[in-house]
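The structure appears below as structure tokens.
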2 protein chains.
Amino acid sequence: MTGRPGATPRASQAVAEEIRAALAAKAKPRGSLGYLEELAVRICAIRGQRLRALRCVAVVAAADHGVSDEGVSAYPAEVTEQMVTAFIRGEAAISVLARQTKTELCVVDCGVRRRVNDPAVVSRWVAAGTKNAALEAAMTPAQAEQTLAAGRAFAADLATQGYDLIAVGEMGIGNSTAAAGLVAALLDLPAEAACGPGTGLDQAGVDHKVATVARMLRRSTSQRTGPREALAELGGFEIGFLAGLMLGAADHRLVVLLDGYITGSAALLAAQLEPSAADVLIAAHRSPEPGHRHVLEALALRPLLDLDMRLGEASGAALAIPLAKASIAVLEEMATFSEAGVSDSGR
Amino acid sequence: MTGRPGATPRASQAVAEEIRAALAAKAKPRGSLGYLEELAVRICAIRGQRLRALRCVAVVAAADHGVSDEGVSAYPAEVTEQMVTAFIRGEAAISVLARQTKTELCVVDCGVRRRVNDPAVVSRWVAAGTKNAALEAAMTPAQAEQTLAAGRAFAADLATQGYDLIAVGEMGIGNSTAAAGLVAALLDLPAEAACGPGTGLDQAGVDHKVATVARMLRRSTSQRTGPREALAELGGFEIGFLAGLMLGAADHRLVVLLDGYITGSAALLAAQLEPSAADVLIAAHRSPEPGHRHVLEALALRPLLDLDMRLGEASGAALAIPLAKASIAVLEEMATFSEAGVSDSGR
């Protein structure tokens, strides 16, 4: 792996320098904790201050996709709702990983077909799934605004609650097709470059998905005059919500820990809407979904983990939380050479 | 990254199959947690049973090296003792990371020049550092046996205490030179392929280290008739102790989570002494030290992390502990498709 965790906001250069100097004084060879040190630098630079601890929350946004009618997923659409229920019951992978990493889990219904009526689910419901983007616009321009605004406002709430970092994830049968459409549209890539097996398509399934995304792109060409229009044409509600959440995170200098390909498509969207959103992103992991590398390259992000994970639900982001916390703990708790009475080589 | 976490002991194939089947039934696409699933499989296969939780301990073995007199390190020899003191005072990187990951930390003095007299340090002291291996054998055959046996017995103690996993680390100024000598000897590599900057040499320093390792190898050629003799000729005490610990871990089916290059040299030694030791190893991370990739390839290990860490002290191993614990938590706590009422695609 090469690269850096991402560009440092100009306003935060002073904080970044302060953290680098603090880490250089610690009783260890300069830079010997490698990327973990850069992680602490980036987190503090985003927050605009030297942190003493890191308060984390995981936000999983769920919605359905009309394009699932085209048979682009290995799973039926009702699985979206079933998984939302599993999340809040504590039974899903993200439930386990959130508990394991002592991270609060927020599940948001952005547009599940059968609206989830449970007080444990945050409702930011826009509609009963998007329309089939292979045939018509996934959502109206007003719905696109609504879901972006809901995400942005949600980030403001999280800032008020004192969180430093939002690990983002998603659930939505068909959403790797919507994400592929968005990535292809936003990065001007052919459908083939943006499509992969998602949660488990075979080669024939991937071929059909490529054809479907190509149809989505052809149908909507004239309508996609910018990222906002791309969201409305291609979907989905949870992707728009997460993009809005990232815009709000930038407003409040919260760190966004990205999961895999679908949250990556939301990050691309956010960064094209407002470039400052890119300043608050950290990539938790590299997904085997082929399009993900285009997203990471476009955002100049180096992932923390590379474990062939392709589940979504914020599972990869949650697994990276202990690394983020460890980077801040090293900064806060390690002694300097002089405090520890250790001879320094100066290197 | 490619490859597998390592070969599965034949006797554990049944456990591995049981864990794979259990993970396949969980409410997520088959294999979608990627390498995390293989990690759970390997941990349980090593332990010979399906685990419900993972009890972890970090063992950091320290010793001095006569070869440091050749000026092969960026740091003076007294830093070994100073860092041991920092470990037990809770001030060093591994102190922070062990706390952060709720891992008990065991510091073992295997041969620090000025013996550390503190009840918080476990004494398995052999001598006041090894001899200078560029000039003479690092230790006697009896000392090599002593430190190997001490490590093996220590693993037996840890097994009795109920641990499942030992994260191994080391501290010893000059020990990346001893490790380079061992790796070159055990894998029949030239000195250049086994040497790198260690904790911070510049190019001239690396060149001098290569020349020193080449001298160590030439001097000892006729004496190195096997891995035991290589340890005696090239050192060091902490490397021998850790190799013995790995042999003992294999005796008791404990998981060994390797740190970087120096623990890797101990793993090579253990695997050449008794091939079954290789069956209990997991690589926590990939070090930027160039020789480390030869070690990982020789042991057929795929690292969990790749963060340019090169500190030692078990710092990389400690950072991988949350991943190991998460893999077992997924196995223990996640619901199956039928338990969660989620429609299964069968893929």
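Scheme for the structure tokens: letters A, B, ... for chains in order shown; per-chain residue numbers from 1; ligand numbers from 1 in order shown.
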
Interface rows for chain A against chain B: nearest pair, Å to one decimal, 8 Å, only C-alpha atoms, as CSV:
residue,atom,partner,partner_atom,distance
A:Met1,CA,B:Asp306,CA,7.5
A:Ala27,CA,B:Ala92,CA,6.8
A:Lys28,CA,B:Leu311,CA,7.1
A:Pro29,CA,B:Thr199,CA,5.8
A:Arg30,CA,B:Gly200,CA,7.7
A:Ser32,CA,B:Arg310,CA,5.0
A:Leu33,CA,B:Met309,CA,4.6
A:Gly34,CA,B:Met309,CA,4.6
A:Tyr35,CA,B:Leu307,CA,5.1
A:Leu36,CA,B:Leu307,CA,6.9
A:Ala74,CA,B:Ser345,CA,6.0
A:Tyr75,CA,B:Ser345,CA,5.4
A:Pro76,CA,B:Ser343,CA,7.5
A:Glu78,CA,B:Ser343,CA,7.8
A:Val79,CA,B:Val342,CA,6.2
A:Gln82,CA,B:Val342,CA,5.5
A:Met83,CA,B:Val342,CA,6.8
A:Ala86,CA,B:Ala340,CA,6.0
A:Glu91,CA,B:Ala335,CA,5.0
A:Ala92,CA,B:Met334,CA,5.6
A:Ala93,CA,B:Met334,CA,6.0
A:Val96,CA,B:Val330,CA,6.2
A:Leu97,CA,B:Ala326,CA,6.5
A:Gln100,CA,B:Ala326,CA,6.5
A:Thr199,CA,B:Pro29,CA,5.8
A:Gly200,CA,B:Arg347,CA,6.4
A:Leu304,CA,B:Leu307,CA,7.2
A:Leu305,CA,B:Leu305,CA,6.4
A:Asp306,CA,B:Leu305,CA,7.5
A:Leu307,CA,B:Tyr35,CA,5.1
A:Asp308,CA,B:Gly34,CA,4.7
A:Met309,CA,B:Leu33,CA,4.6
A:Arg310,CA,B:Ser32,CA,5.0
A:Leu311,CA,B:Ser32,CA,5.1
A:Leu319,CA,B:Leu323,CA,6.9
A:Pro322,CA,B:Pro322,CA,6.8
A:Leu323,CA,B:Leu319,CA,6.9
A:Ala326,CA,B:Gln100,CA,6.5
A:Ala329,CA,B:Val96,CA,6.6
A:Val330,CA,B:Val96,CA,6.2
A:Glu333,CA,B:Val96,CA,6.4
A:Met334,CA,B:Glu91,CA,5.1
A:Ala335,CA,B:Glu91,CA,5.0
A:Ala340,CA,B:Ala86,CA,6.0
A:Gly341,CA,B:Gln82,CA,6.9
A:Val342,CA,B:Gln82,CA,5.5
A:Ser343,CA,B:Val79,CA,6.1
A:Asp344,CA,B:Tyr75,CA,7.1
A:Ser345,CA,B:Tyr75,CA,5.4
A:Arg347,CA,B:Gly200,CA,6.4

Exercise. Would you mind reading off the distance between atom CA of Thr177 of chain B and atom CA of Ala232 of chain B, one decimal, in Å?
Key: 14.4 Å

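Residue neighbourhood of Asp188 of chain A, excluding near-sequence residues (fewer than 3 positions): Ala180, Gly181, Leu182, Val183, Ala184, Ala185, Ala191, Glu192, Ala193, Ala194, Leu217, Thr221, Arg224, Gly226, Pro227, Ala230, His294, Val295 and Ala298 of chain A, at 12 Å, using only C-alpha atoms.
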
Could you take the residues named above and write them with all heavy atoms, as a compact mmCIF listing (two decimals), in the first residue's frame?
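To be explicit, this is the file written out as part.txt:
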# COMPACT_ATOMS: atom_id res chain seq x y z
N ALA A 180 -22.48 1.54 -8.37
CA ALA A 180 -21.71 1.39 -9.62
C ALA A 180 -22.12 2.45 -10.63
O ALA A 180 -21.28 3.06 -11.30
CB ALA A 180 -21.91 -0.01 -10.20
N GLY A 181 -23.43 2.71 -10.71
CA GLY A 181 -23.91 3.75 -11.61
C GLY A 181 -23.34 5.11 -11.23
O GLY A 181 -22.84 5.86 -12.09
N LEU A 182 -23.38 5.41 -9.94
CA LEU A 182 -22.86 6.70 -9.47
C LEU A 182 -21.35 6.84 -9.72
O LEU A 182 -20.88 7.87 -10.19
CB LEU A 182 -23.12 6.86 -7.97
CG LEU A 182 -24.48 7.43 -7.60
CD1 LEU A 182 -24.70 7.33 -6.09
CD2 LEU A 182 -24.60 8.88 -8.07
N VAL A 183 -20.61 5.77 -9.39
CA VAL A 183 -19.16 5.83 -9.57
C VAL A 183 -18.82 6.00 -11.05
O VAL A 183 -17.96 6.82 -11.41
CB VAL A 183 -18.48 4.58 -8.96
CG1 VAL A 183 -17.01 4.49 -9.37
CG2 VAL A 183 -18.61 4.60 -7.43
N ALA A 184 -19.50 5.24 -11.89
CA ALA A 184 -19.26 5.37 -13.34
C ALA A 184 -19.58 6.79 -13.80
O ALA A 184 -18.82 7.41 -14.55
CB ALA A 184 -20.09 4.35 -14.11
N ALA A 185 -20.70 7.33 -13.32
CA ALA A 185 -21.13 8.67 -13.73
C ALA A 185 -20.17 9.73 -13.20
O ALA A 185 -19.74 10.63 -13.93
CB ALA A 185 -22.55 8.95 -13.24
N ALA A 191 -19.30 1.17 -17.50
CA ALA A 191 -20.02 0.33 -16.53
C ALA A 191 -19.17 -0.85 -16.06
O ALA A 191 -19.19 -1.20 -14.87
CB ALA A 191 -21.33 -0.16 -17.15
N GLU A 192 -18.41 -1.45 -16.97
CA GLU A 192 -17.61 -2.63 -16.60
C GLU A 192 -16.62 -2.32 -15.47
O GLU A 192 -16.33 -3.17 -14.63
CB GLU A 192 -16.75 -3.16 -17.77
CG GLU A 192 -17.48 -3.45 -19.04
CD GLU A 192 -17.66 -2.19 -19.89
OE1 GLU A 192 -16.74 -1.85 -20.65
OE2 GLU A 192 -18.74 -1.56 -19.76
N ALA A 193 -16.06 -1.10 -15.51
CA ALA A 193 -15.04 -0.75 -14.52
C ALA A 193 -15.64 -0.52 -13.14
O ALA A 193 -14.93 -0.56 -12.14
CB ALA A 193 -14.28 0.50 -14.96
N ALA A 194 -16.95 -0.29 -13.10
CA ALA A 194 -17.59 0.07 -11.84
C ALA A 194 -18.36 -1.09 -11.21
O ALA A 194 -18.82 -0.98 -10.07
CB ALA A 194 -18.52 1.26 -12.05
N LEU A 217 -27.03 4.31 -17.26
CA LEU A 217 -26.19 5.45 -17.67
C LEU A 217 -26.69 6.04 -18.98
O LEU A 217 -26.78 7.27 -19.13
CB LEU A 217 -24.73 4.99 -17.80
CG LEU A 217 -24.04 4.60 -16.48
CD1 LEU A 217 -22.67 3.97 -16.75
CD2 LEU A 217 -23.90 5.80 -15.54
N THR A 221 -28.22 9.99 -19.39
CA THR A 221 -27.13 10.86 -19.84
C THR A 221 -27.49 12.34 -19.84
O THR A 221 -26.80 13.17 -19.25
CB THR A 221 -26.66 10.49 -21.26
OG1 THR A 221 -26.37 9.11 -21.27
CG2 THR A 221 -25.42 11.29 -21.67
N ARG A 224 -28.01 14.10 -16.30
CA ARG A 224 -26.96 14.17 -15.28
C ARG A 224 -26.04 15.36 -15.53
O ARG A 224 -24.99 15.24 -16.13
CB ARG A 224 -26.16 12.87 -15.24
CG ARG A 224 -26.91 11.72 -14.60
CD ARG A 224 -26.07 10.47 -14.47
NE ARG A 224 -26.00 9.70 -15.70
CZ ARG A 224 -24.94 9.60 -16.48
NH1 ARG A 224 -23.83 10.24 -16.18
NH2 ARG A 224 -24.98 8.87 -17.57
N GLY A 226 -24.79 17.23 -13.08
CA GLY A 226 -23.91 17.43 -11.92
C GLY A 226 -24.14 16.31 -10.93
O GLY A 226 -24.96 15.42 -11.17
N PRO A 227 -23.42 16.33 -9.80
CA PRO A 227 -23.53 15.24 -8.82
C PRO A 227 -24.93 15.12 -8.22
O PRO A 227 -25.42 14.01 -7.99
CB PRO A 227 -22.49 15.62 -7.76
CG PRO A 227 -22.14 17.05 -7.99
CD PRO A 227 -22.39 17.32 -9.43
N ALA A 230 -26.99 13.37 -10.66
CA ALA A 230 -26.58 11.96 -10.74
C ALA A 230 -27.24 11.17 -9.61
O ALA A 230 -27.73 10.05 -9.82
CB ALA A 230 -25.06 11.84 -10.67
N HIS A 294 -10.89 2.51 -7.81
CA HIS A 294 -11.07 3.79 -8.50
C HIS A 294 -11.53 4.87 -7.51
O HIS A 294 -11.10 6.02 -7.58
CB HIS A 294 -12.11 3.66 -9.62
CG HIS A 294 -11.70 2.69 -10.69
ND1 HIS A 294 -10.61 2.89 -11.50
CD2 HIS A 294 -12.24 1.51 -11.09
CE1 HIS A 294 -10.50 1.89 -12.34
NE2 HIS A 294 -11.47 1.03 -12.12
N VAL A 295 -12.41 4.47 -6.60
CA VAL A 295 -12.91 5.43 -5.60
C VAL A 295 -11.77 5.88 -4.70
O VAL A 295 -11.58 7.08 -4.46
CB VAL A 295 -14.04 4.78 -4.76
CG1 VAL A 295 -14.43 5.69 -3.60
CG2 VAL A 295 -15.24 4.46 -5.64
N ALA A 298 -9.44 8.15 -6.61
CA ALA A 298 -10.02 9.48 -6.87
C ALA A 298 -9.99 10.34 -5.61
O ALA A 298 -9.81 11.55 -5.69
CB ALA A 298 -11.45 9.32 -7.39

Quiz item: as a PyMOL selection string, which residues of segment 27-231 of chain A does DSSP assign to strand (DSSP E or B)?
Solution: chain A and resi 56-63+104-111+121-123+165-171

Quiz item: How many Å lie between atom CA of Gly162 of chain A and atom CA of Leu242 of chain A, rounded to one decimal?
Solution: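 Atom CA of Gly162 of chain A sits 19.0 Å away from atom CA of Leu242 of chain A.
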
Quick one: everything within 6 Å of Ala134 of chain A, counting only C-alpha atoms, minus sequence neighbours fewer than 2 positions away in the same chain. Send it as a compact mmCIF listing (two decimals) with N, CA and C atoms, in the first residue's frame.
# COMPACT_ATOMS: atom_id res chain seq x y z
N ASN A 132 -37.02 2.25 -10.34
CA ASN A 132 -36.05 1.44 -11.09
C ASN A 132 -35.25 2.34 -12.04
N ARG A 215 -27.43 0.49 -19.07
CA ARG A 215 -28.77 1.03 -19.40
C ARG A 215 -29.07 2.26 -18.55
N MET A 216 -28.77 2.17 -17.25
CA MET A 216 -29.01 3.30 -16.34
C MET A 216 -28.26 4.54 -16.83

Quiz item: Could you name the residues that touch Leu257 of chain B at 8 Å or less, counting only C-alpha atoms, but leaving out those on the same chain fewer than 3 positions away, as a list in words?
Solution: Leu165, Ile166, Ala167, Val168, Leu281, Ile282, Ala283, Ala284 and Ala317 of chain B

Export of prior selection with C-alpha atoms as a PDB file, in the first residue's frame:
ATOM      1  CA  LEU B 165      -3.127 -16.620  22.217  1.00  0.00           C
ATOM      2  CA  ILE B 166       0.368 -15.239  22.808  1.00  0.00           C
ATOM      3  CA  ALA B 167       1.283 -11.991  21.041  1.00  0.00           C
ATOM      4  CA  VAL B 168       5.083 -12.059  20.890  1.00  0.00           C
ATOM      5  CA  LEU B 281       1.630 -19.110  13.896  1.00  0.00           C
ATOM      6  CA  ILE B 282      -0.380 -16.121  12.667  1.00  0.00           C
ATOM      7  CA  ALA B 283       1.344 -13.058  11.200  1.00  0.00           C
ATOM      8  CA  ALA B 284      -0.023  -9.843  12.731  1.00  0.00           C
ATOM      9  CA  ALA B 317       0.955  -7.969  17.245  1.00  0.00           C
TER      10      ALA B 317
END

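The environment of Ala156 of chain B within 9 Å, counting only C-alpha atoms and disregarding residues fewer than 3 places along the same chain, consists of Gly151, Arg152, Ala153, Ala159, Thr160, Gln161, Leu245, Gly248, Ala249, Asp251 and His252 of chain B.
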
Exercise. Taking the chain letters and numbering used in this document, name the residues of segment 113-290 of chain B that DSSP puts in helix (DSSP H, G or I), as a PyMOL selection string.
Key: chain B and resi 141-160+175-187+191-194+203-223+227-234+237-251+261-273+275-280

So that I can check the surroundings of Ala63 of chain A, please list as a compact mmCIF listing (two decimals) with C-alpha atoms, in the first residue's frame every protein, DNA and RNA residue that reaches within 6 Å of it, counting only C-alpha atoms and ignoring chain neighbours fewer than 2 positions away.
# COMPACT_ATOMS: atom_id res chain seq x y z
CA CYS A 110 -33.82 6.20 4.62
CA GLY A 111 -36.35 4.42 2.45
CA VAL A 112 -36.89 0.73 3.13
CA GLY A 172 -29.85 -2.01 0.71
CA GLU A 238 -29.16 5.77 1.80

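For the pair atom CA of Asn117 of chain B and atom CA of Phe154 of chain B, the interatomic distance is 19.1 Å.
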